[in-house]
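**Q** Provided below: final00.txt, containing compact mmCIF, C-alpha atoms and all ligand atoms.
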# COMPACT_ATOMS: atom_id res chain seq x y z
CA MET A 191 24.06 -12.81 47.12
CA ASP A 192 20.78 -13.73 45.39
CA SER A 193 21.42 -16.35 42.71
CA THR A 194 19.44 -14.31 40.18
CA PHE A 195 21.33 -11.09 40.99
CA PHE A 196 21.47 -9.01 37.78
CA ASP A 197 20.20 -12.03 35.84
CA LEU A 198 23.76 -13.36 35.70
CA PRO A 199 24.56 -17.06 35.81
CA THR A 200 26.04 -18.48 38.98
CA PRO A 201 28.93 -19.07 38.79
CA PRO A 202 29.79 -16.61 35.99
CA ARG A 203 31.24 -18.44 32.99
CA VAL A 204 32.95 -17.69 29.71
CA THR A 205 30.55 -17.28 26.75
CA VAL A 206 31.44 -16.68 23.10
CA LEU A 207 29.61 -13.64 21.66
CA SER A 208 29.90 -12.21 18.16
CA TRP A 209 28.13 -9.55 16.05
CA PRO A 210 30.17 -9.15 12.92
CA THR A 211 27.88 -8.50 9.90
CA ARG A 212 28.46 -5.47 7.68
CA ILE A 213 24.98 -4.00 7.06
CA LEU A 214 23.89 -1.27 4.65
CA LEU A 215 20.56 -0.16 6.06
CA GLY A 216 18.08 2.37 4.70
CA PRO A 217 15.96 3.43 1.73
CA GLY A 218 17.91 3.17 -1.53
CA ALA A 219 20.57 0.88 -0.03
CA VAL A 220 20.16 -1.55 -2.94
CA LYS A 221 21.83 1.02 -5.26
CA ARG A 222 25.04 0.43 -3.31
CA LEU A 223 25.16 -3.25 -4.35
CA PRO A 224 27.84 -2.67 -7.05
CA ASP A 225 30.17 -1.11 -4.45
CA GLU A 226 29.82 -4.22 -2.29
CA VAL A 227 30.30 -6.59 -5.24
CA GLN A 228 33.51 -4.76 -6.16
CA ARG A 229 34.72 -4.50 -2.58
CA LEU A 230 34.50 -8.29 -2.31
CA GLY A 231 36.24 -8.74 -5.66
CA LEU A 232 33.39 -10.58 -7.40
CA THR A 233 33.51 -10.61 -11.19
CA ARG A 234 30.57 -12.94 -11.94
CA PRO A 235 28.06 -13.32 -9.11
CA LEU A 236 25.15 -15.75 -9.23
CA LEU A 237 21.91 -13.96 -8.36
CA VAL A 238 19.87 -16.51 -6.38
CA THR A 239 16.17 -15.74 -6.03
CA ASP A 240 12.69 -17.16 -6.63
CA ALA A 241 9.76 -16.73 -9.00
CA GLY A 242 7.81 -14.50 -6.60
CA VAL A 243 10.68 -12.02 -6.34
CA VAL A 244 11.01 -12.00 -10.14
CA LYS A 245 7.25 -11.44 -10.51
CA ALA A 246 7.36 -8.54 -8.05
CA GLY A 247 9.95 -6.85 -10.29
CA LEU A 248 12.66 -6.91 -7.62
CA ALA A 249 15.07 -9.19 -9.49
CA ASP A 250 14.88 -6.79 -12.46
CA ARG A 251 15.60 -3.90 -10.14
CA VAL A 252 18.74 -5.60 -8.84
CA MET A 253 19.87 -6.74 -12.30
CA THR A 254 19.45 -3.18 -13.59
CA VAL A 255 21.66 -1.87 -10.77
CA LEU A 256 24.30 -4.52 -11.57
CA GLY A 257 24.00 -3.99 -15.32
CA GLU A 258 24.41 -0.20 -15.08
CA ALA A 259 27.63 -0.78 -13.13
CA GLY A 260 28.86 -3.16 -15.84
CA ILE A 261 28.83 -6.20 -13.53
CA VAL A 262 28.33 -9.50 -15.35
CA HIS A 263 25.93 -11.73 -13.43
CA VAL A 264 23.92 -14.91 -13.86
CA LEU A 265 20.30 -15.34 -12.73
CA PHE A 266 19.11 -18.46 -10.89
CA ASP A 267 15.44 -17.99 -9.97
CA ARG A 268 14.33 -21.56 -9.30
CA VAL A 269 14.30 -21.65 -5.50
CA THR A 270 10.94 -23.04 -4.31
CA PRO A 271 9.18 -22.02 -1.08
CA ASP A 272 10.65 -23.98 1.87
CA PRO A 273 13.55 -25.21 -0.28
CA THR A 274 14.73 -28.79 -0.52
CA GLU A 275 18.13 -30.14 -1.51
CA ARG A 276 16.93 -30.24 -5.14
CA ASP A 277 16.82 -26.43 -5.16
CA VAL A 278 20.32 -26.33 -3.69
CA PHE A 279 21.79 -28.75 -6.24
CA ALA A 280 20.09 -26.90 -9.12
CA GLY A 281 21.64 -23.67 -7.82
CA LEU A 282 25.04 -25.33 -7.47
CA GLU A 283 24.83 -26.57 -11.05
CA ALA A 284 24.01 -23.00 -12.23
CA TYR A 285 26.92 -21.61 -10.18
CA GLN A 286 29.46 -24.10 -11.49
CA SER A 287 28.37 -24.18 -15.13
CA ALA A 288 28.49 -20.37 -15.36
CA GLY A 289 31.85 -20.16 -13.58
CA CYS A 290 30.56 -17.83 -10.85
CA ASP A 291 32.80 -16.55 -8.07
CA GLY A 292 30.26 -15.37 -5.51
CA ILE A 293 26.56 -15.09 -4.72
CA VAL A 294 24.00 -12.31 -4.41
CA ALA A 295 21.00 -13.77 -2.56
CA LEU A 296 17.75 -11.85 -3.05
CA GLY A 297 14.42 -12.65 -1.42
CA GLY A 298 12.77 -13.93 1.71
CA GLY A 299 14.07 -16.79 3.81
CA SER A 300 13.82 -19.43 1.09
CA PRO A 301 16.22 -17.88 -1.48
CA LEU A 302 18.57 -16.63 1.23
CA ASP A 303 18.79 -20.02 2.93
CA ALA A 304 19.09 -21.95 -0.35
CA ALA A 305 21.83 -19.54 -1.50
CA LYS A 306 23.84 -20.17 1.67
CA LEU A 307 23.67 -23.93 1.11
CA VAL A 308 24.74 -23.48 -2.53
CA GLN A 309 27.63 -21.42 -1.17
CA LEU A 310 28.52 -24.25 1.23
CA LEU A 311 28.51 -26.94 -1.47
CA THR A 312 30.82 -24.96 -3.77
CA SER A 313 33.69 -26.09 -1.54
CA HIS A 314 32.26 -28.93 0.58
CA PRO A 315 31.14 -32.38 -0.58
CA PRO A 316 27.50 -33.52 -0.28
CA PRO A 317 25.35 -34.84 1.32
CA LEU A 318 23.96 -31.74 3.03
CA SER A 319 22.82 -33.90 5.97
CA ARG A 320 26.50 -34.23 6.92
CA TYR A 321 26.39 -30.57 8.04
CA ASP A 322 23.18 -30.96 10.10
CA ASP A 323 23.42 -28.74 13.19
CA ALA A 324 21.50 -31.31 15.25
CA THR A 325 24.42 -33.73 14.88
CA GLY A 326 27.24 -31.20 15.27
CA GLY A 327 27.72 -30.88 11.50
CA ASP A 328 29.43 -27.50 11.80
CA ARG A 329 32.70 -29.33 12.52
CA TYR A 330 32.81 -30.36 8.83
CA VAL A 331 32.57 -26.76 7.57
CA THR A 332 36.30 -26.25 7.27
CA HIS A 333 37.05 -24.77 3.82
CA PRO A 334 36.73 -21.11 2.76
CA LEU A 335 33.43 -20.19 1.06
CA PRO A 336 32.93 -17.72 -1.81
CA PRO A 337 31.50 -14.34 -0.68
CA LEU A 338 27.73 -13.98 -0.34
CA ILE A 339 25.79 -10.70 -0.24
CA ALA A 340 22.25 -10.98 1.14
CA ILE A 341 19.41 -8.66 0.13
CA PRO A 342 16.18 -9.39 2.02
CA THR A 343 12.83 -8.60 0.42
CA THR A 344 10.83 -9.48 3.53
CA ALA A 345 11.25 -8.46 7.15
CA GLY A 346 11.12 -11.84 8.83
CA THR A 347 13.78 -14.50 8.60
CA GLY A 348 16.77 -12.29 9.34
CA SER A 349 18.82 -14.81 7.37
CA GLU A 350 20.82 -11.83 6.05
CA VAL A 351 22.59 -11.60 9.41
CA SER A 352 22.43 -15.21 10.57
CA ARG A 353 24.89 -18.07 10.36
CA SER A 354 22.34 -20.64 9.35
CA GLY A 355 20.78 -22.06 6.24
CA VAL A 356 17.68 -24.27 6.38
CA ALA A 357 16.37 -26.81 3.88
CA PHE A 358 14.18 -29.90 3.91
CA LEU A 359 16.47 -32.89 3.41
CA GLN A 360 15.47 -36.34 2.24
CA ASP A 361 18.12 -38.01 4.47
CA THR A 362 16.94 -36.47 7.72
CA GLY A 363 13.24 -36.35 6.78
CA ARG A 364 12.89 -32.86 8.26
CA LYS A 365 13.73 -29.20 7.86
CA THR A 366 17.42 -29.29 8.64
CA VAL A 367 19.45 -26.40 10.01
CA VAL A 368 23.05 -25.97 8.91
CA PHE A 369 24.74 -23.58 11.31
CA ALA A 370 28.32 -22.39 10.84
CA PRO A 371 30.06 -19.02 11.24
CA ALA A 372 31.23 -19.27 7.59
CA LEU A 373 27.60 -18.98 6.46
CA LEU A 374 27.33 -15.43 7.79
CA PRO A 375 26.83 -13.17 4.73
CA ARG A 376 29.79 -10.89 4.00
CA ALA A 377 27.35 -7.99 3.61
CA ALA A 378 23.62 -7.45 4.11
CA ILE A 379 21.82 -4.81 2.07
CA CYS A 380 18.63 -3.93 3.91
CA ASP A 381 16.48 -1.58 1.88
CA PRO A 382 13.00 -1.14 3.37
CA GLU A 383 11.63 0.04 0.02
CA LEU A 384 12.06 -3.52 -1.29
CA THR A 385 9.31 -4.60 1.14
CA PHE A 386 6.73 -1.96 0.08
CA GLY A 387 5.02 -4.37 -2.32
CA LEU A 388 4.92 -7.33 0.06
CA PRO A 389 1.25 -8.50 0.31
CA PRO A 390 -0.50 -8.16 3.70
CA ARG A 391 -0.52 -11.88 4.52
CA ALA A 392 3.20 -12.24 3.76
CA THR A 393 3.94 -9.06 5.73
CA ALA A 394 2.05 -10.49 8.70
CA ALA A 395 3.52 -14.01 8.56
CA THR A 396 7.13 -12.90 8.07
CA GLY A 397 6.73 -10.13 10.67
CA LEU A 398 5.47 -12.67 13.19
CA ASP A 399 8.45 -14.88 12.38
CA ALA A 400 10.75 -11.98 13.31
CA PHE A 401 8.72 -11.44 16.47
CA THR A 402 8.95 -15.13 17.39
CA HIS A 403 12.73 -15.09 16.90
CA CYS A 404 13.01 -12.18 19.32
CA LEU A 405 10.60 -13.64 21.85
CA GLU A 406 11.94 -17.19 21.84
CA ALA A 407 15.53 -15.95 21.99
CA TYR A 408 14.67 -13.66 24.89
CA LEU A 409 13.06 -16.49 26.85
CA SER A 410 15.48 -19.22 25.82
CA ASN A 411 17.63 -20.99 28.39
CA GLY A 412 20.98 -19.81 26.93
CA PHE A 413 23.08 -17.04 28.45
CA HIS A 414 23.62 -14.11 26.10
CA PRO A 415 22.93 -10.68 27.62
CA LEU A 416 23.64 -8.87 24.33
CA ALA A 417 21.11 -11.08 22.55
CA ASP A 418 18.60 -10.35 25.33
CA ALA A 419 18.95 -6.58 24.86
CA VAL A 420 18.59 -6.87 21.10
CA ALA A 421 15.65 -9.28 21.39
CA ILE A 422 13.63 -7.07 23.71
CA ASP A 423 14.21 -4.14 21.36
CA GLY A 424 12.95 -6.25 18.43
CA ILE A 425 9.81 -7.17 20.41
CA ARG A 426 9.16 -3.45 20.98
CA ARG A 427 9.65 -2.62 17.27
CA VAL A 428 7.35 -5.35 15.92
CA ALA A 429 4.64 -4.53 18.48
CA ARG A 430 4.61 -0.89 17.40
CA SER A 431 5.28 -1.22 13.66
CA LEU A 432 3.56 -4.38 12.41
CA PRO A 433 0.10 -2.82 12.86
CA VAL A 434 1.37 0.33 11.07
CA VAL A 435 2.64 -1.47 7.95
CA MET A 436 -0.44 -3.71 7.86
CA GLY A 437 -2.51 -0.51 7.50
CA GLU A 438 -0.06 1.39 5.28
CA PRO A 439 2.27 -0.89 3.28
CA THR A 440 4.50 1.96 2.03
CA HIS A 441 5.07 3.49 5.48
CA LEU A 442 8.86 3.95 5.31
CA GLN A 443 9.59 4.21 9.02
CA GLY A 444 7.34 1.24 9.76
CA ARG A 445 8.99 -0.93 7.10
CA LEU A 446 12.44 0.17 8.30
CA ASP A 447 11.49 -0.68 11.87
CA MET A 448 10.32 -4.15 10.79
CA MET A 449 13.55 -4.71 8.87
CA ILE A 450 15.59 -3.80 11.95
CA ALA A 451 13.46 -6.14 14.08
CA ALA A 452 14.01 -8.98 11.60
CA MET A 453 17.77 -8.55 11.89
CA GLU A 454 17.55 -8.27 15.64
CA GLY A 455 15.60 -11.53 15.76
CA ALA A 456 18.26 -13.43 13.85
CA MET A 457 21.10 -11.82 15.81
CA ALA A 458 19.34 -12.78 19.02
CA PHE A 459 18.53 -16.38 18.15
CA GLN A 460 22.16 -17.39 18.24
CA LYS A 461 21.26 -17.60 21.95
CA GLY A 462 18.63 -20.25 21.21
CA LEU A 463 15.00 -20.65 20.15
CA GLY A 464 12.22 -22.75 21.65
CA ASN A 465 9.12 -24.83 21.22
CA ALA A 466 7.36 -22.54 18.73
CA HIS A 467 10.16 -23.11 16.24
CA ALA A 468 10.32 -26.83 16.99
CA LEU A 469 6.60 -27.09 16.20
CA ALA A 470 6.82 -24.77 13.19
CA HIS A 471 9.60 -26.91 11.72
CA ALA A 472 7.16 -29.84 11.85
CA LEU A 473 4.01 -27.95 10.81
CA THR A 474 5.51 -26.78 7.53
CA PRO A 475 6.37 -30.19 6.03
CA ILE A 476 3.40 -32.07 7.55
CA ALA A 477 0.59 -29.53 7.27
CA GLY A 478 1.99 -27.13 4.66
CA LEU A 479 1.89 -24.04 6.89
CA HIS A 480 4.08 -21.04 6.09
CA HIS A 481 6.93 -20.93 8.62
CA GLY A 482 6.01 -17.54 10.09
CA LEU A 483 2.32 -18.39 10.22
CA ALA A 484 3.08 -21.67 12.00
CA ASN A 485 5.10 -19.80 14.63
CA ALA A 486 2.41 -17.17 15.07
CA VAL A 487 -0.39 -19.70 15.66
CA VAL A 488 1.44 -21.76 18.29
CA LEU A 489 3.31 -18.93 20.05
CA PRO A 490 0.63 -18.01 22.65
CA SER A 491 0.29 -21.68 23.68
CA VAL A 492 4.08 -22.01 23.95
CA MET A 493 4.18 -18.88 26.13
CA ALA A 494 1.45 -20.32 28.35
CA PHE A 495 3.48 -23.54 28.70
CA ASN A 496 6.55 -21.50 29.67
CA ARG A 497 4.74 -19.07 31.98
CA SER A 498 5.65 -20.77 35.25
CA THR A 499 9.34 -20.89 34.28
CA CYS A 500 9.86 -17.32 33.09
CA ARG A 501 7.32 -14.98 34.66
CA ALA A 502 9.79 -12.10 35.05
CA ARG A 503 10.84 -12.20 31.43
CA LEU A 504 7.26 -12.48 30.18
CA ALA A 505 6.39 -9.45 32.33
CA ARG A 506 9.17 -7.51 30.59
CA VAL A 507 7.77 -8.61 27.22
CA ALA A 508 4.42 -7.03 28.19
CA LEU A 509 6.20 -3.78 29.06
CA ALA A 510 8.14 -3.82 25.76
CA MET A 511 4.84 -4.24 23.94
CA GLY A 512 3.59 -1.01 25.48
CA GLU A 513 1.78 -2.28 28.54
CA PRO A 514 2.03 0.16 31.50
CA SER A 515 4.00 -1.12 34.49
CA GLY A 516 2.34 -1.41 37.86
CA ALA A 517 0.69 -4.80 37.72
CA VAL A 518 2.39 -7.67 39.55
CA GLU A 519 4.73 -9.89 37.59
CA ASP A 520 2.41 -12.83 37.08
CA VAL A 521 -0.41 -10.60 35.88
CA LEU A 522 1.91 -8.90 33.40
CA ALA A 523 3.07 -12.34 32.20
CA GLY A 524 -0.54 -13.23 31.43
CA ILE A 525 -1.02 -9.88 29.69
CA ALA A 526 2.02 -10.60 27.47
CA ILE A 527 0.33 -13.80 26.26
CA ASP A 528 -2.91 -11.91 25.53
CA ARG A 529 -1.00 -9.15 23.72
CA VAL A 530 0.73 -11.66 21.46
CA ARG A 531 -2.58 -13.38 20.69
CA ARG A 532 -4.01 -9.98 19.75
CA LEU A 533 -0.95 -9.07 17.64
CA VAL A 534 -1.51 -12.25 15.60
CA ALA A 535 -5.27 -11.71 15.24
CA ASP A 536 -4.90 -8.01 14.34
CA ALA A 537 -2.43 -8.97 11.61
CA GLY A 538 -5.22 -11.04 10.06
CA LEU A 539 -3.63 -14.44 10.76
CA PRO A 540 -5.48 -17.48 12.15
CA THR A 541 -5.13 -17.90 15.90
CA ARG A 542 -5.94 -21.63 15.98
CA LEU A 543 -4.19 -24.47 14.18
CA SER A 544 -7.58 -25.87 13.10
CA HIS A 545 -8.33 -22.56 11.36
CA ALA A 546 -5.05 -22.97 9.49
CA GLY A 547 -6.17 -26.37 8.20
CA VAL A 548 -4.34 -28.61 10.70
CA LYS A 549 -6.18 -31.82 11.59
CA GLU A 550 -6.33 -33.38 15.06
CA GLN A 551 -5.06 -36.71 13.70
CA ASP A 552 -1.85 -35.02 12.43
CA LEU A 553 -0.84 -33.77 15.88
CA PRO A 554 1.03 -36.89 17.14
CA ARG A 555 3.18 -36.92 13.99
CA ILE A 556 3.79 -33.18 14.35
CA ALA A 557 4.83 -33.60 17.99
CA GLU A 558 7.14 -36.47 17.11
CA LEU A 559 8.89 -34.50 14.36
CA ALA A 560 9.03 -31.36 16.55
CA PHE A 561 10.74 -33.35 19.29
CA ARG A 562 13.45 -34.38 16.84
CA ASP A 563 14.07 -30.70 16.04
CA ALA A 564 16.92 -29.13 18.01
CA SER A 565 14.99 -25.88 18.66
CA HIS A 566 13.14 -27.22 21.70
CA GLN A 567 16.47 -27.71 23.48
CA GLY A 568 16.59 -23.91 23.90
CA ASN A 569 13.11 -23.76 25.40
CA PRO A 570 13.21 -22.33 28.95
CA ARG A 571 11.03 -25.13 30.36
CA PRO A 572 12.38 -28.61 29.59
CA THR A 573 10.08 -30.25 27.08
CA THR A 574 9.06 -33.82 26.27
CA GLU A 575 7.32 -35.09 23.15
CA ALA A 576 4.13 -35.35 25.22
CA ASP A 577 4.51 -31.66 26.17
CA LEU A 578 4.77 -30.71 22.49
CA LEU A 579 1.62 -32.70 21.79
CA GLY A 580 -0.12 -30.89 24.66
CA ILE A 581 0.94 -27.47 23.31
CA ALA A 582 -0.20 -28.38 19.79
CA ARG A 583 -3.57 -29.57 21.20
CA ALA A 584 -3.94 -26.33 23.14
CA ALA A 585 -3.29 -24.39 19.92
CA LEU A 586 -5.71 -26.49 17.81
ZN ZN B 601 11.77 -18.56 12.19
Would you kindly transcribe this structure into structure tokens?
**A**
Amino acid sequence: MDSTFFDLPTPPRVTVLSWPTRILLGPGAVKRLPDEVQRLGLTRPLLVTDAGVVKAGLADRVMTVLGEAGIVHVLFDRVTPDPTERDVFAGLEAYQSAGCDGIVALGGGSPLDAAKLVQLLTSHPPPLSRYDDATGGDRYVTHPLPPLIAIPTTAGTGSEVSRSGVAFLQDTGRKTVVFAPALLPRAAICDPELTFGLPPRATAATGLDAFTHCLEAYLSNGFHPLADAVAIDGIRRVARSLPVVMGEPTHLQGRLDMMIAAMEGAMAFQKGLGNAHALAHALTPIAGLHHGLANAVVLPSVMAFNRSTCRARLARVALAMGEPSGAVEDVLAGIAIDRVRRLVADAGLPTRLSHAGVKEQDLPRIAELAFRDASHQGNPRPTTEADLLGIARAAL
């Protein structure tokens, strides 16, 4: 039998798969928050969010829903973009001093990730670097955590259905991923109307983050056929709906589609990620790029690097993005790279690192930090630090 028969590994092996999140999905879902708070037995949740979400009026909207249901809650709105451990400790202090018994996390990736790490530290001792996924830190996540309900206000990170929290830590000197099943939110409330007011650039950058999760997971070297099916569906949704919501920000179906794709991306990346995320995790602290934007700019170069290793999968990406079948595999693989480059450009994002303000002299440091990031271990083509430098140069 052909070793690639049905895309199954040879020999077949046992793999752990899980898809457990409870998700309330659809317009108006946020009004059901009190039911979820009560179902989980919370009497005083900490609402973790950031200044942007407050300014957009979304924190008020959630506090009104809680207030009308008579639920006492405490607001912590001091999460900064790309949070550090300072944000997490400030949130922990707010949680403990107010005697909270659970968390409602509201926002994009930053508040959701910071909230999960606050949740972790309510029952686990610092430092956060102890729980670093790159050093097998999940083995220290052993105590029960208070319930967390996640309400995304972007369609990007998918943190509402993921088991990870990310923060920049002083100890490790990098964006550090904490990954543990206990960090999976007890409920996700995904209301596409909360993303209607998201500005175009944020819509584009977060949408491309969701797309990169799906694409990197689909190509990654792990074995997870369920993740593959979900990832290819997410690729299809972003390709068809990102251009729609860029043109019409209150397009309900388009925003719903993007929200589904964001969840699919995070569900899928339990399989693994790749070099785009390794580089993005270095580009944010060194060059100040938004995470989704960093992914978007380097993704075509990462795909080109991987082309020889995963032609068949890249060809299927082209088909999912709406390309007609018929061309030979390698041609379709090339088309997939062009389609992604166009998706990024049409969303109004820079397509070169130099256009995003990255300097040539920063690239060696970026490659070095990217190589220390665990994401590249999922990349389908084995990658050295020199390879990462080459990809970053190609994207400059
Ligand atoms: Zn990402």
**Q** Please identify all protein, DNA and RNA residues within 7 Å of ligand ZN 601 (chain B), counting all atoms listed in the file, and report them as a PDB file with C-alpha atoms, in the coordinates of the input.
**A**
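Here's the written file out.pdb:
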ATOM      1  CA  THR A 347      13.780 -14.500   8.600  1.00  0.00           C
ATOM      2  CA  ASP A 399       8.450 -14.880  12.380  1.00  0.00           C
ATOM      3  CA  ALA A 400      10.750 -11.980  13.310  1.00  0.00           C
ATOM      4  CA  THR A 402       8.950 -15.130  17.390  1.00  0.00           C
ATOM      5  CA  HIS A 403      12.730 -15.090  16.900  1.00  0.00           C
ATOM      6  CA  HIS A 467      10.160 -23.110  16.240  1.00  0.00           C
ATOM      7  CA  HIS A 481       6.930 -20.930   8.620  1.00  0.00           C
ATOM      8  CA  GLY A 482       6.010 -17.540  10.090  1.00  0.00           C
TER       9      GLY A 482
END
**Q** Restricting the calculation to all atoms listed in the file: of A:Pro570, A:Pro316, A:Pro342, A:Gly412, which residue gets closest to Leu282 (chain A)?
**A**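 For Leu282 (chain A), the nearest of the given residues is A:Pro316.
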**Q** Quick one: residues within 9 Å of Ala458 (chain A), all atoms listed in the file counted, chain neighbours fewer than 4 positions away excluded, as a PyMOL selection string?
**A** chain A and resi 403-404+407-408+414+416-421+453-454+462
**Q** Could you check which of A:Phe369, A:Phe386, A:Phe413, A:Phe266 is closest to Pro439 (chain A), using all atoms listed in the file?
**A** A:Phe386
**Q** I'd like the contact shell of region 440-449 of chain A - 10 Å cut-off, only C-alpha atoms, skipping same-chain residues fewer than 6 positions apart - returned as a ChimeraX atom specification.
**A** /A:215-217,342-348,380-388,393,396-397,400-401,424,426-434,455
**Q** Measure the distance from CA of Glu258 (chain A) to CA of Glu350 (chain A) in Å and round it to one decimal.
**A**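 Between CA of Glu258 (chain A) and CA of Glu350 (chain A) the gap is 24.4 Å.
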**Q** Nearest residue to Arg583 (chain A) out of A:Val269, A:Leu559, A:Met493, A:Val488, using all atoms listed in the file?
**A**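 The closest residue to Arg583 (chain A) is A:Val488.
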**Q** Compile the contact shell of region 352-359 of chain A as JSON, numbers by chain: residues with an atom at most 9 Å away, counting all atoms listed in the file, same-chain residues fewer than 4 positions apart removed.
**A** {"A": [211, 272, 273, 274, 275, 276, 278, 299, 300, 302, 303, 304, 305, 306, 307, 318, 319, 347, 348, 363, 364, 365, 366, 367, 368, 369, 370, 371, 372, 373, 374, 375, 453, 456, 457, 459, 460, 475]}
**Q** Quick one, how far is CA of Arg555 (chain A) from CA of Ser498 (chain A)?
**A** 26.8 Å
**Q** Between A:Glu550, A:Asp528, A:Asp577, A:Glu558, which residue has the minimum interatomic distance to Glu513 (chain A), considering all atoms listed in the file?
**A** A:Asp528
**Q** So how many Å separate CA of Ala219 (chain A) and CA of His480 (chain A), to one decimal?
**A**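 One can read the CA of Ala219 (chain A) to CA of His480 (chain A) distance as 28.1 Å.
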**Q** I want to know what sits within 9 Å of Leu236 (chain A), based on only C-alpha atoms, with residues of the same chain fewer than 2 positions away left out; could you give that as a list in words?
**A** Arg234, Val238, His263, Val264, Leu265, Phe266, Gly281, Ala284, Tyr285, Ala288, Cys290, Asp291, Gly292, Ile293, Val294 and Ala295 of chain A
**Q** Leaving out Ala395 (chain A) and any residue of its chain fewer than 3 positions from it, which residues lie within 6 Å of it when counting all atoms listed in the file, given as a ChimeraX atom specification?
**A** /A:392,398,482-483
**Q** At a cut-off of 12 Å around the point (-1.1, -14.6, 23.1) (file coordinates), what residues fall inside when counting all atoms listed in the file? I'd like the answer as a PyMOL selection string.
**A** chain A and resi 402+405+485-495+497+504+507-508+511+523-536+541-542+585
